[in-house]
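Novice: Have a look at this one before I ask anything.
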Amino acid sequence: MRISYNWLKDYIYFEETPEKIAEILTSIGLEVESLEHLESVKGGLNGVLVGHVLSCGKHPDADRLRVTSVDTGGEQALQIVCGAPNVAEGQKVAVATLGTSLYFASGEEVKIKKSKIRGVESFGMICAEDELGLGNSHEGIMVLDPDSVPGTPLKKLLQLEDDVVFEIGLTPNRVDAASHFGVARDLAAYFRKKAELPDVSGFMIDNYSNPYEIEIEDEDGCLRYSGITVSNVKIKPSPEWLQKRLTAIGIKPKNNVVDISNYILHELGQPLHTFDADKIGGRKVVIRTCADGTEFTTLDSEVRKLKSADLMICDQSVPMCIAGVFGGMDSGVTDETANVFIESAYFNPVRIRKTSRHHGLITDSSFRFERGTDPNMTVYALKRAALLIRELGEGEISSDIVDVYPQVMEPSRIEMSYSNIGRVVGKNIPAAEIKSIVQALEMEIIEENGDSFTLMIPSYRVDVKREFDVIEDILRIYGYNNVEIPSRVHSTLSHVSKPDRDRLANAVSDFLTANGFREIMSNSLTKSGYYDSLETYKAENSVKILNPSSNELNIMRQTLLFGGLEAIARNINRKNPDLKFYEMGNCYSRKETQSPNPLNAYREDSRIALFLTGDTCSLSWNQKAEPSNFFTMKSLLEKLLQRFGVDMSNLKADNAPEDIFADGLSLSIPRGKHVAAFGIVAKNILRMTDVNQDVFFAEIDFQSIVNFAKQDKTVYRELARFPEVRRDLALVIDRNVNFSVLRDIAFRTERKLLKNVGLFDIYEGDKLPAGKKQYALSFIIQDEEKTLTDKYIEQIMQNLLAAFEKETGAVLR
């Protein structure tokens, strides 16, 4: 939100610099994100002084040039060569001194330097209007008032006013400060002054020749509606002061009537809408809804289909405007407008917000209405607008103010306690100081009884509903920096279940970062189109957003896959194709079996996602480029799971979902919960995000890691004093026999001394019978109490071979 420094001074007097005001605003909760200095004339006319032409003679070598002597208030007069036909002795002129930068009306920039013109030195420039950027005239030099004092800065003489604009990051609850007067009101509270609204005591009705009736049919949507007419208005450009005010805050002036509406919106925070009164059928304004699907053309020439809940401003028969959001094409003010009807209203914030989001129309009006405007500002804003239109448009106020207010909104009352204020703030602020602050905030103390008192909250503070809201206001005006840090800190010990999920998440993050991964954070909102063709994550199980900000963010994500692919696509498009990403976040879905309790209808899971694409090693003089592959991802995933106590041999491996992976595995606990899935992402999934290279993806259920970490115990033991022994077997087995089967048989057969079983070679070929394959297995055997003999080792190997033959039909090769 842009706020003009000069504009603020219309409502409160202060002498502080813009930088100091920015510091104060930030300290009281209106954070100033930036300051922008605006010059009424580019360059600010810095270095341009009033000069007195002491003499003016002909140039010795040029008939059209004059050699002048000009007093600019310095010790010596300046010799300046001038080519203007109207320069004359005795004139007061505008002189650009050496080093001055001028910005011509044509856009050209010129820096004044000492120069020789036809052999005569010149120490400045006597300027024309267009050379100063003050106009387009170049007929001659600019001649000033004869009473002007030489040496006076021209900027001061012309009373040019520069400005500073604050960019304020307004929090959603502070709609009361969404205007210049609102900000001035907060400054007034800080300075313990009172911000003054512009005087409207001169408001009077010129005649009653153009009255209009107002009817509110939908009292839930429109709680107050006020209107007035101004007739015989002349539509023309706004005066310079008004155009400067709007331009300073980034609004392009249009005409006097429209500009006045915008001016009051940013002055008071009260949106107005001005209709061409002659286009209001039946001389009646009706606030109602329209049938679902009714077509309505808005000011941007867009035909929109209305919802039955959209609040509309209508005449006797047709809609004219989407209430509080956007005007209609056929009822607005044009250059031919002569009579205007001005609307000032208070609408239901929830209704306005829903309409605004549905139609994708975020306007200055909807921004304020959906947060809650001041219901008591409508009539004052009408008077202010009518007076300005009468002044700047030469119109006549031609009706009484019609104010329809079915149910008056009572101001909030809040019970307060001095002791509670001290407890929450952490410091006992004197009662007199508290009273001074709340009164400066225009909160009225209506009752006081010992430690407690009752406040009546002004109607514009829609965010103040409870005691803590008031305490926050008191503290921000009192000053956070005025609350000393206590010498003692009181805390409560809390029990954290083991393992600590946050510490575990940090450990996962540290492990992945140490392995070269970079963490990404994606939006938990995504687009529904990703899930339309998936079976693993069904579209009907998506958690839909009722009022999405856009169709690209209309559901909650069911997987971390698409957010990561979007990040990969963005990096690849910026010539960064070799990527290792990870993300930790929640995924959301509807349960397929619905519960009667709506709170149990949804599922929220914490997951870890890994992404690999491009090369794992870049091409260099001493190494070849190594592209990422399935086994790179498998190795990383196994290391991660083993780091947190997962025994990979206890996990069951199945094919990963084919709609997500072109090839991959899904890991789970036998007859238990899914743990992880990994593999190469399917091409059709990559096309959804415009990724044109292979991506290897793994998604892990974080709760599984938590469960494994609970069971993982670190056991310390002394180093073995006796050596381990390795023996190998080459077995011919059926193709459907997996390594995990052989491993399980081995550990069941030799429970005490067998430490590890490994697979180091696989062979399939025409030298083996059909349907057979060869596994080369390694066995590590160790007795921690004695050295094993060859005879005993041979007995163990014979036992293992016999078990393999019996259970799988294996044959020693």
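Starting from 1 in every chain, residues are counted up; chains themselves are A, B, ... following the order of the structure tokens, and ligands are numbered from 1 as listed.
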At a cut-off of 12 Å, using only C-alpha atoms, what residues contact A:Met648? Leave out same-chain residues fewer than 3 positions from it and give the result as a list in words.

Specialist: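 Once the adjacent positions are removed, what remains is Lys634, Ser635, Leu637, Glu638, Lys639, Leu640, Leu641, Gln642, Arg643, Phe644, Gly645, Leu651, Lys652, Ala653, Leu667, Ser668, Ile669, Pro670, Val675, Ala676, Phe708, Ser740 and Arg743 of chain A.
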
Novice: Next, write the just-selected residues to a file, as a CSV table (one decimal), in the first residue's frame, keeping N, CA, C and O atoms as the atom set.

Specialist:
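The resulting again_1.csv:
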```csv
chain,number,residue,atom,x,y,z
A,634,LYS,N,18.6,-46.2,-5.6
A,634,LYS,CA,18.4,-47.3,-4.7
A,634,LYS,C,19.4,-47.3,-3.6
A,634,LYS,O,19.1,-47.5,-2.4
A,635,SER,N,20.7,-47.0,-4.0
A,635,SER,CA,21.8,-47.0,-3.0
A,635,SER,C,21.5,-45.9,-1.9
A,635,SER,O,21.7,-46.1,-0.7
A,637,LEU,N,18.7,-44.5,-1.1
A,637,LEU,CA,17.5,-44.8,-0.3
A,637,LEU,C,17.8,-45.8,0.7
A,637,LEU,O,17.4,-45.7,1.9
A,638,GLU,N,18.6,-46.8,0.4
A,638,GLU,CA,19.0,-47.9,1.3
A,638,GLU,C,19.8,-47.3,2.5
A,638,GLU,O,19.6,-47.6,3.6
A,639,LYS,N,20.8,-46.4,2.1
A,639,LYS,CA,21.6,-45.8,3.1
A,639,LYS,C,20.8,-44.9,4.1
A,639,LYS,O,21.0,-45.0,5.3
A,640,LEU,N,19.8,-44.2,3.5
A,640,LEU,CA,18.9,-43.4,4.4
A,640,LEU,C,18.1,-44.2,5.3
A,640,LEU,O,18.1,-44.0,6.6
A,641,LEU,N,17.5,-45.3,4.8
A,641,LEU,CA,16.7,-46.1,5.7
A,641,LEU,C,17.5,-46.9,6.7
A,641,LEU,O,17.1,-47.0,7.9
A,642,GLN,N,18.7,-47.4,6.3
A,642,GLN,CA,19.6,-48.1,7.3
A,642,GLN,C,20.1,-47.1,8.3
A,642,GLN,O,20.3,-47.6,9.5
A,643,ARG,N,20.3,-45.9,8.0
A,643,ARG,CA,20.8,-44.9,9.0
A,643,ARG,C,19.8,-44.8,10.1
A,643,ARG,O,20.2,-44.5,11.3
A,644,PHE,N,18.5,-45.0,9.9
A,644,PHE,CA,17.5,-44.9,11.0
A,644,PHE,C,16.9,-46.2,11.4
A,644,PHE,O,15.8,-46.3,11.9
A,645,GLY,N,17.7,-47.2,11.3
A,645,GLY,CA,17.4,-48.5,11.9
A,645,GLY,C,16.6,-49.5,11.1
A,645,GLY,O,16.0,-50.4,11.6
A,651,LEU,N,12.2,-55.9,4.6
A,651,LEU,CA,11.2,-55.2,3.8
A,651,LEU,C,10.8,-56.1,2.6
A,651,LEU,O,11.6,-56.7,1.9
A,652,LYS,N,9.5,-56.0,2.2
A,652,LYS,CA,9.0,-56.7,1.1
A,652,LYS,C,9.0,-55.8,-0.1
A,652,LYS,O,8.6,-54.6,0.0
A,653,ALA,N,9.5,-56.2,-1.3
A,653,ALA,CA,9.6,-55.4,-2.5
A,653,ALA,C,8.6,-55.9,-3.5
A,653,ALA,O,8.5,-57.1,-3.8
A,667,LEU,N,8.4,-50.6,-1.4
A,667,LEU,CA,8.9,-51.3,-0.2
A,667,LEU,C,7.8,-51.2,0.9
A,667,LEU,O,7.3,-50.1,1.1
A,668,SER,N,7.6,-52.3,1.6
A,668,SER,CA,6.7,-52.3,2.7
A,668,SER,C,7.1,-53.3,3.7
A,668,SER,O,7.9,-54.2,3.4
A,669,ILE,N,6.5,-53.2,4.9
A,669,ILE,CA,6.7,-54.2,5.9
A,669,ILE,C,5.8,-55.4,5.6
A,669,ILE,O,4.7,-55.2,5.2
A,670,PRO,N,6.3,-56.6,5.6
A,670,PRO,CA,5.5,-57.8,5.3
A,670,PRO,C,4.2,-57.8,6.1
A,670,PRO,O,4.2,-57.6,7.3
A,675,VAL,N,6.3,-48.4,3.1
A,675,VAL,CA,7.4,-47.6,3.6
A,675,VAL,C,7.9,-46.6,2.6
A,675,VAL,O,8.1,-45.4,2.9
A,676,ALA,N,8.1,-47.1,1.4
A,676,ALA,CA,8.7,-46.2,0.4
A,676,ALA,C,8.4,-46.8,-1.0
A,676,ALA,O,8.1,-47.9,-1.2
A,708,PHE,N,10.5,-47.0,12.9
A,708,PHE,CA,11.8,-47.8,13.0
A,708,PHE,C,12.8,-47.2,14.0
A,708,PHE,O,13.5,-47.9,14.6
A,740,SER,N,16.5,-62.9,-1.5
A,740,SER,CA,16.0,-62.7,-0.1
A,740,SER,C,15.6,-64.1,0.4
A,740,SER,O,15.7,-64.4,1.6
A,743,ARG,N,18.7,-65.9,1.4
A,743,ARG,CA,19.3,-65.2,2.6
A,743,ARG,C,18.6,-65.7,3.9
A,743,ARG,O,19.2,-66.0,4.9
```

Novice: Name all residues at most 9 Å from stretch 313-321 of chain A (count only C-alpha atoms; drop same-chain ones fewer than 6 positions away) and give them as a PyMOL selection string.

Specialist: chain A and resi 275+279-290+296+298+327-332

Novice: As a list of chain:residue names, please: the residues near stretch 268-271 of chain A (cut-off 6 Å, only C-alpha atoms, same-chain neighbours under 4 positions excluded).

Specialist: A:Ala178, A:Ser179, A:Phe181, A:Ile264, A:Ser365

Novice: Write out as a list in words which residues come within 10 Å of A:Met521 when counting only C-alpha atoms, dropping same-chain ones fewer than 2 positions away.

Specialist: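 Using only C-alpha atoms, the neighbours found are Glu519, Asn523, Ser524, Leu560, Gly563, Gly564, Ala567, Phe581, Tyr582, Glu583, Met584 and Gly585 of chain A.
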
Novice: Restricting it to N, CA, C and O atoms, dump the selection as a PDB file, in the first residue's frame.

Specialist:
```
ATOM      1  N   GLU A 519      17.736 -28.890  -0.411  1.00  0.00           N
ATOM      2  CA  GLU A 519      16.336 -28.927   0.021  1.00  0.00           C
ATOM      3  C   GLU A 519      15.502 -27.936  -0.775  1.00  0.00           C
ATOM      4  O   GLU A 519      15.930 -26.811  -1.043  1.00  0.00           O
ATOM      5  N   ASN A 523       4.814 -25.451  -2.781  1.00  0.00           N
ATOM      6  CA  ASN A 523       3.491 -25.061  -2.284  1.00  0.00           C
ATOM      7  C   ASN A 523       2.657 -26.318  -2.030  1.00  0.00           C
ATOM      8  O   ASN A 523       2.638 -27.233  -2.853  1.00  0.00           O
ATOM      9  N   SER A 524       1.993 -26.381  -0.887  1.00  0.00           N
ATOM     10  CA  SER A 524       1.129 -27.529  -0.602  1.00  0.00           C
ATOM     11  C   SER A 524      -0.168 -27.470  -1.408  1.00  0.00           C
ATOM     12  O   SER A 524      -0.927 -28.435  -1.439  1.00  0.00           O
ATOM     13  N   LEU A 560       4.382 -35.406  -3.091  1.00  0.00           N
ATOM     14  CA  LEU A 560       5.393 -34.363  -3.254  1.00  0.00           C
ATOM     15  C   LEU A 560       5.984 -34.361  -4.661  1.00  0.00           C
ATOM     16  O   LEU A 560       6.810 -33.510  -4.987  1.00  0.00           O
ATOM     17  N   GLY A 563       5.405 -31.000  -7.154  1.00  0.00           N
ATOM     18  CA  GLY A 563       6.140 -29.801  -6.728  1.00  0.00           C
ATOM     19  C   GLY A 563       7.612 -29.914  -7.064  1.00  0.00           C
ATOM     20  O   GLY A 563       8.246 -28.946  -7.521  1.00  0.00           O
ATOM     21  N   GLY A 564       8.194 -31.109  -6.865  1.00  0.00           N
ATOM     22  CA  GLY A 564       9.593 -31.318  -7.209  1.00  0.00           C
ATOM     23  C   GLY A 564       9.834 -31.243  -8.703  1.00  0.00           C
ATOM     24  O   GLY A 564      10.836 -30.670  -9.158  1.00  0.00           O
ATOM     25  N   ALA A 567       9.998 -27.694  -9.819  1.00  0.00           N
ATOM     26  CA  ALA A 567      11.295 -27.094  -9.488  1.00  0.00           C
ATOM     27  C   ALA A 567      12.370 -27.581 -10.466  1.00  0.00           C
ATOM     28  O   ALA A 567      13.234 -26.800 -10.895  1.00  0.00           O
ATOM     29  N   PHE A 581      17.598 -33.093  -5.424  1.00  0.00           N
ATOM     30  CA  PHE A 581      16.681 -32.357  -4.557  1.00  0.00           C
ATOM     31  C   PHE A 581      16.072 -33.285  -3.515  1.00  0.00           C
ATOM     32  O   PHE A 581      15.904 -34.489  -3.750  1.00  0.00           O
ATOM     33  N   TYR A 582      15.719 -32.703  -2.383  1.00  0.00           N
ATOM     34  CA  TYR A 582      14.846 -33.423  -1.445  1.00  0.00           C
ATOM     35  C   TYR A 582      13.860 -32.436  -0.841  1.00  0.00           C
ATOM     36  O   TYR A 582      14.110 -31.226  -0.781  1.00  0.00           O
ATOM     37  N   GLU A 583      12.724 -32.975  -0.419  1.00  0.00           N
ATOM     38  CA  GLU A 583      11.699 -32.148   0.216  1.00  0.00           C
ATOM     39  C   GLU A 583      11.036 -32.956   1.322  1.00  0.00           C
ATOM     40  O   GLU A 583      10.814 -34.156   1.182  1.00  0.00           O
ATOM     41  N   MET A 584      10.750 -32.274   2.413  1.00  0.00           N
ATOM     42  CA  MET A 584      10.007 -32.877   3.520  1.00  0.00           C
ATOM     43  C   MET A 584       8.740 -32.065   3.708  1.00  0.00           C
ATOM     44  O   MET A 584       8.804 -30.849   3.895  1.00  0.00           O
ATOM     45  N   GLY A 585       7.596 -32.717   3.631  1.00  0.00           N
ATOM     46  CA  GLY A 585       6.343 -31.978   3.746  1.00  0.00           C
ATOM     47  C   GLY A 585       5.162 -32.899   3.916  1.00  0.00           C
ATOM     48  O   GLY A 585       5.283 -34.130   3.857  1.00  0.00           O
TER      49      GLY A 585
END
```

Novice: Fewer than 3 positions away in the same chain doesn't count, so skip those; otherwise give me all residues within 7 Å of A:Thr373, counting only C-alpha atoms, as a list of chain:residue names.

Specialist: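 Contacts, in chain order: A:Gln270, A:Tyr346, A:Arg368, A:Phe369, A:Tyr460.
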
Novice: For stretch 35-46 of chain A, list every protein, DNA or RNA residue within 8 Å, evaluated using only C-alpha atoms, and leave out those in the same chain fewer than 2 positions away; present the list as a compact mmCIF listing (two decimals) with all heavy atoms, in the first residue's frame.

Specialist:
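So part.txt came out as:
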```txt
# COMPACT_ATOMS: atom_id res chain seq x y z
N ALA A 22 8.90 6.92 8.79
CA ALA A 22 8.97 5.50 8.41
C ALA A 22 9.35 4.65 9.61
O ALA A 22 8.80 3.56 9.83
CB ALA A 22 9.97 5.31 7.28
N VAL A 32 7.05 -0.21 7.14
CA VAL A 32 7.42 0.49 5.91
C VAL A 32 8.49 -0.34 5.21
O VAL A 32 9.59 -0.52 5.72
CB VAL A 32 7.93 1.90 6.20
CG1 VAL A 32 8.40 2.57 4.91
CG2 VAL A 32 6.83 2.74 6.85
N GLU A 33 8.14 -0.86 4.04
CA GLU A 33 9.06 -1.75 3.32
C GLU A 33 10.02 -0.98 2.45
O GLU A 33 11.13 -1.45 2.19
CB GLU A 33 8.25 -2.73 2.47
CG GLU A 33 7.37 -3.65 3.32
CD GLU A 33 6.47 -4.55 2.50
OE1 GLU A 33 6.26 -4.22 1.30
OE2 GLU A 33 5.98 -5.57 3.03
N VAL A 48 19.47 25.20 -9.95
CA VAL A 48 18.86 26.28 -10.74
C VAL A 48 18.48 27.42 -9.79
O VAL A 48 17.72 27.22 -8.84
CB VAL A 48 17.62 25.80 -11.51
CG1 VAL A 48 17.04 26.93 -12.35
CG2 VAL A 48 17.97 24.61 -12.39
N THR A 100 24.99 21.52 -12.90
CA THR A 100 23.55 21.21 -12.81
C THR A 100 23.14 20.27 -13.94
O THR A 100 23.57 20.42 -15.08
CB THR A 100 22.72 22.51 -12.90
OG1 THR A 100 23.07 23.35 -11.81
CG2 THR A 100 21.23 22.21 -12.87
N SER A 101 22.30 19.30 -13.61
CA SER A 101 21.72 18.41 -14.62
C SER A 101 20.31 18.87 -14.93
O SER A 101 19.49 19.00 -14.01
CB SER A 101 21.71 16.96 -14.13
OG SER A 101 23.03 16.45 -14.04
N LEU A 102 20.04 19.12 -16.20
CA LEU A 102 18.70 19.53 -16.63
C LEU A 102 18.05 18.40 -17.42
O LEU A 102 18.73 17.68 -18.16
CB LEU A 102 18.78 20.78 -17.52
CG LEU A 102 19.29 22.07 -16.85
CD1 LEU A 102 19.34 23.19 -17.88
CD2 LEU A 102 18.42 22.47 -15.67
N TYR A 103 16.75 18.28 -17.25
CA TYR A 103 15.99 17.25 -17.95
C TYR A 103 14.94 17.96 -18.80
O TYR A 103 13.93 18.45 -18.30
CB TYR A 103 15.34 16.29 -16.96
CG TYR A 103 16.36 15.56 -16.10
CD1 TYR A 103 16.82 16.13 -14.92
CD2 TYR A 103 16.88 14.34 -16.50
CE1 TYR A 103 17.79 15.49 -14.15
CE2 TYR A 103 17.84 13.68 -15.73
CZ TYR A 103 18.28 14.27 -14.55
OH TYR A 103 19.23 13.63 -13.79
N LEU A 132 13.75 23.39 -18.48
CA LEU A 132 13.63 23.09 -17.05
C LEU A 132 12.64 21.95 -16.79
O LEU A 132 12.49 21.51 -15.65
CB LEU A 132 13.17 24.34 -16.29
CG LEU A 132 14.15 25.51 -16.29
CD1 LEU A 132 13.49 26.76 -15.71
CD2 LEU A 132 15.41 25.17 -15.50
N GLY A 133 11.95 21.51 -17.85
CA GLY A 133 10.95 20.46 -17.67
C GLY A 133 9.65 20.99 -17.09
O GLY A 133 8.83 20.22 -16.59
N LEU A 134 9.44 22.31 -17.18
CA LEU A 134 8.24 22.93 -16.60
C LEU A 134 7.14 23.14 -17.63
O LEU A 134 6.04 23.57 -17.28
CB LEU A 134 8.60 24.28 -15.97
CG LEU A 134 9.55 24.22 -14.77
CD1 LEU A 134 9.98 25.63 -14.36
CD2 LEU A 134 8.89 23.52 -13.60
N PRO A 153 16.81 29.62 -4.73
CA PRO A 153 16.58 28.41 -5.54
C PRO A 153 15.23 28.52 -6.26
O PRO A 153 14.22 28.89 -5.66
CB PRO A 153 16.57 27.28 -4.51
CG PRO A 153 17.37 27.81 -3.36
CD PRO A 153 17.07 29.28 -3.31
N LEU A 154 15.22 28.20 -7.54
CA LEU A 154 14.00 28.31 -8.33
C LEU A 154 12.91 27.40 -7.78
O LEU A 154 11.73 27.74 -7.81
CB LEU A 154 14.29 27.96 -9.79
CG LEU A 154 13.11 28.16 -10.75
CD1 LEU A 154 12.72 29.63 -10.81
CD2 LEU A 154 13.48 27.64 -12.14
N LYS A 155 13.32 26.26 -7.25
CA LYS A 155 12.35 25.32 -6.66
C LYS A 155 11.58 25.98 -5.53
O LYS A 155 10.36 25.81 -5.41
CB LYS A 155 13.11 24.08 -6.17
CG LYS A 155 12.27 23.04 -5.48
CD LYS A 155 13.16 21.88 -5.04
CE LYS A 155 12.35 20.83 -4.31
NZ LYS A 155 13.21 19.68 -3.91
N LEU A 160 7.63 24.45 -5.66
CA LEU A 160 7.48 23.06 -6.14
C LEU A 160 7.61 22.12 -4.95
O LEU A 160 8.49 22.28 -4.11
CB LEU A 160 8.55 22.74 -7.18
CG LEU A 160 8.47 23.53 -8.49
CD1 LEU A 160 9.59 23.11 -9.42
CD2 LEU A 160 7.11 23.36 -9.17
N GLU A 161 6.73 21.16 -4.90
CA GLU A 161 6.64 20.28 -3.74
C GLU A 161 7.05 18.87 -4.13
O GLU A 161 6.37 18.20 -4.89
CB GLU A 161 5.21 20.27 -3.20
CG GLU A 161 5.05 19.54 -1.88
CD GLU A 161 3.61 19.58 -1.40
OE1 GLU A 161 2.76 19.00 -2.10
OE2 GLU A 161 3.35 20.18 -0.34
N ASP A 162 8.19 18.43 -3.60
CA ASP A 162 8.57 17.03 -3.78
C ASP A 162 7.82 16.20 -2.74
O ASP A 162 7.28 16.73 -1.78
CB ASP A 162 10.07 16.85 -3.60
CG ASP A 162 10.85 17.49 -4.75
OD1 ASP A 162 10.23 17.80 -5.77
OD2 ASP A 162 12.07 17.67 -4.60
N ASP A 163 7.81 14.92 -2.96
CA ASP A 163 7.06 14.04 -2.04
C ASP A 163 7.87 12.78 -1.79
O ASP A 163 8.81 12.46 -2.52
CB ASP A 163 5.70 13.69 -2.65
CG ASP A 163 4.69 13.21 -1.61
OD1 ASP A 163 5.05 13.12 -0.42
OD2 ASP A 163 3.54 12.93 -1.99
N VAL A 164 7.50 12.08 -0.73
CA VAL A 164 8.07 10.77 -0.43
C VAL A 164 6.89 9.82 -0.25
O VAL A 164 5.92 10.15 0.45
CB VAL A 164 8.94 10.80 0.84
CG1 VAL A 164 9.40 9.39 1.20
CG2 VAL A 164 10.14 11.71 0.63
N VAL A 165 6.97 8.66 -0.88
CA VAL A 165 5.89 7.68 -0.77
C VAL A 165 6.39 6.48 0.03
O VAL A 165 7.46 5.93 -0.26
CB VAL A 165 5.41 7.24 -2.17
CG1 VAL A 165 4.40 6.10 -2.05
CG2 VAL A 165 4.77 8.42 -2.89
N PHE A 166 5.62 6.12 1.06
CA PHE A 166 5.93 4.94 1.86
C PHE A 166 5.23 3.72 1.26
O PHE A 166 4.03 3.79 0.99
CB PHE A 166 5.45 5.11 3.31
CG PHE A 166 5.94 6.36 3.99
CD1 PHE A 166 5.07 7.41 4.24
CD2 PHE A 166 7.25 6.49 4.37
CE1 PHE A 166 5.50 8.57 4.87
CE2 PHE A 166 7.71 7.63 5.00
CZ PHE A 166 6.83 8.68 5.25
N GLU A 167 5.95 2.64 1.09
CA GLU A 167 5.34 1.36 0.71
C GLU A 167 5.15 0.58 2.00
O GLU A 167 6.11 0.14 2.61
CB GLU A 167 6.23 0.59 -0.26
CG GLU A 167 5.59 -0.66 -0.81
CD GLU A 167 4.44 -0.37 -1.77
OE1 GLU A 167 4.56 0.52 -2.62
OE2 GLU A 167 3.39 -1.04 -1.63
N ALA A 248 1.05 10.16 -7.30
CA ALA A 248 2.05 9.82 -6.29
C ALA A 248 1.87 8.40 -5.76
O ALA A 248 2.84 7.72 -5.44
CB ALA A 248 2.00 10.82 -5.13
```

Novice: What's around A:Gly90 at 12 Å? Count only C-alpha atoms, leave out sequence neighbours fewer than 2 positions away in its own chain, and write the answer as a CSV table (one decimal) with N, CA, C and O atoms, in the first residue's frame.

Specialist:
```
chain,number,residue,atom,x,y,z
A,51,GLY,N,18.4,34.5,-11.2
A,51,GLY,CA,19.5,35.4,-11.6
A,51,GLY,C,18.9,36.8,-12.0
A,51,GLY,O,17.8,36.9,-12.5
A,52,HIS,N,19.8,37.8,-11.8
A,52,HIS,CA,19.4,39.2,-12.2
A,52,HIS,C,20.4,39.5,-13.4
A,52,HIS,O,21.6,39.6,-13.2
A,53,VAL,N,19.8,39.8,-14.6
A,53,VAL,CA,20.6,40.2,-15.7
A,53,VAL,C,21.1,41.6,-15.5
A,53,VAL,O,20.4,42.6,-15.7
A,54,LEU,N,22.5,41.8,-15.2
A,54,LEU,CA,23.0,43.1,-15.0
A,54,LEU,C,23.3,43.8,-16.3
A,54,LEU,O,23.2,45.0,-16.4
A,55,SER,N,23.8,43.0,-17.3
A,55,SER,CA,24.0,43.6,-18.6
A,55,SER,C,23.8,42.6,-19.6
A,55,SER,O,23.8,41.4,-19.4
A,56,CYS,N,23.5,43.1,-20.9
A,56,CYS,CA,23.2,42.2,-22.0
A,56,CYS,C,23.7,42.9,-23.3
A,56,CYS,O,23.2,44.0,-23.7
A,68,THR,N,25.9,38.0,-21.6
A,68,THR,CA,25.2,38.7,-20.4
A,68,THR,C,26.1,38.5,-19.2
A,68,THR,O,26.9,37.6,-19.1
A,69,SER,N,25.8,39.4,-18.2
A,69,SER,CA,26.4,39.3,-16.9
A,69,SER,C,25.3,39.2,-15.9
A,69,SER,O,24.4,40.0,-15.9
A,70,VAL,N,25.3,38.0,-15.2
A,70,VAL,CA,24.1,37.7,-14.3
A,70,VAL,C,24.5,37.5,-12.9
A,70,VAL,O,25.5,36.8,-12.6
A,71,ASP,N,23.8,38.2,-12.0
A,71,ASP,CA,24.0,38.1,-10.6
A,71,ASP,C,23.1,36.9,-10.0
A,71,ASP,O,21.9,37.0,-10.1
A,86,ASN,N,14.6,37.0,-26.3
A,86,ASN,CA,13.9,37.9,-25.4
A,86,ASN,C,14.7,38.2,-24.2
A,86,ASN,O,14.2,38.9,-23.2
A,87,VAL,N,16.0,37.8,-24.1
A,87,VAL,CA,16.8,38.2,-22.9
A,87,VAL,C,17.1,39.7,-23.0
A,87,VAL,O,17.4,40.2,-24.0
A,88,ALA,N,17.0,40.3,-21.8
A,88,ALA,CA,17.3,41.7,-21.7
A,88,ALA,C,17.8,42.1,-20.4
A,88,ALA,O,17.6,41.4,-19.4
A,92,LYS,N,14.7,39.2,-14.3
A,92,LYS,CA,15.0,38.1,-13.4
A,92,LYS,C,14.8,36.8,-14.1
A,92,LYS,O,13.7,36.6,-14.7
A,93,VAL,N,15.8,36.0,-14.2
A,93,VAL,CA,15.7,34.8,-15.0
A,93,VAL,C,16.1,33.5,-14.2
A,93,VAL,O,16.6,33.6,-13.1
A,143,VAL,N,11.0,34.3,-18.0
A,143,VAL,CA,11.2,35.6,-17.3
A,143,VAL,C,10.4,35.5,-16.0
A,143,VAL,O,9.2,35.2,-16.0
A,144,LEU,N,11.1,35.8,-14.8
A,144,LEU,CA,10.5,35.6,-13.5
A,144,LEU,C,10.0,36.9,-13.0
A,144,LEU,O,10.2,38.0,-13.6
A,145,ASP,N,9.3,36.8,-11.9
A,145,ASP,CA,8.7,38.0,-11.2
A,145,ASP,C,9.9,39.0,-10.9
A,145,ASP,O,10.9,38.6,-10.3
A,146,PRO,N,9.7,40.3,-11.2
A,146,PRO,CA,10.8,41.3,-11.0
A,146,PRO,C,11.2,41.4,-9.5
A,146,PRO,O,12.3,41.8,-9.2
A,147,ASP,N,10.3,41.0,-8.6
A,147,ASP,CA,10.6,41.1,-7.2
A,147,ASP,C,11.4,39.9,-6.7
A,147,ASP,O,11.8,39.8,-5.5
A,148,SER,N,11.7,38.9,-7.5
A,148,SER,CA,12.5,37.7,-7.1
A,148,SER,C,13.9,38.1,-6.7
A,148,SER,O,14.5,39.0,-7.2
A,150,PRO,N,17.8,37.5,-6.3
A,150,PRO,CA,18.9,36.7,-6.9
A,150,PRO,C,19.5,35.7,-5.9
A,150,PRO,O,19.7,36.0,-4.7
```

Novice: Ranking A:Lys427, A:Ala698, A:Leu546, A:Arg304 by minimum distance to A:Leu561 and counting only C-alpha atoms, which one comes first?

Specialist: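 For A:Leu561, the nearest of the candidates is A:Ala698.
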
Novice: Give me, please, the distance in Å between atom CA of A:Ile745 and atom CA of A:Leu759, quoted to one decimal.

Specialist: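 For atom CA of A:Ile745 relative to atom CA of A:Leu759, the distance reads 14.1 Å.
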
Novice: Between A:Asn420, A:Ser606, A:Tyr405, A:Asp712, which residue has the minimum interatomic distance to A:Pro499, considering only C-alpha atoms?

Specialist: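 Smallest distance to A:Pro499 is found for A:Asp712.
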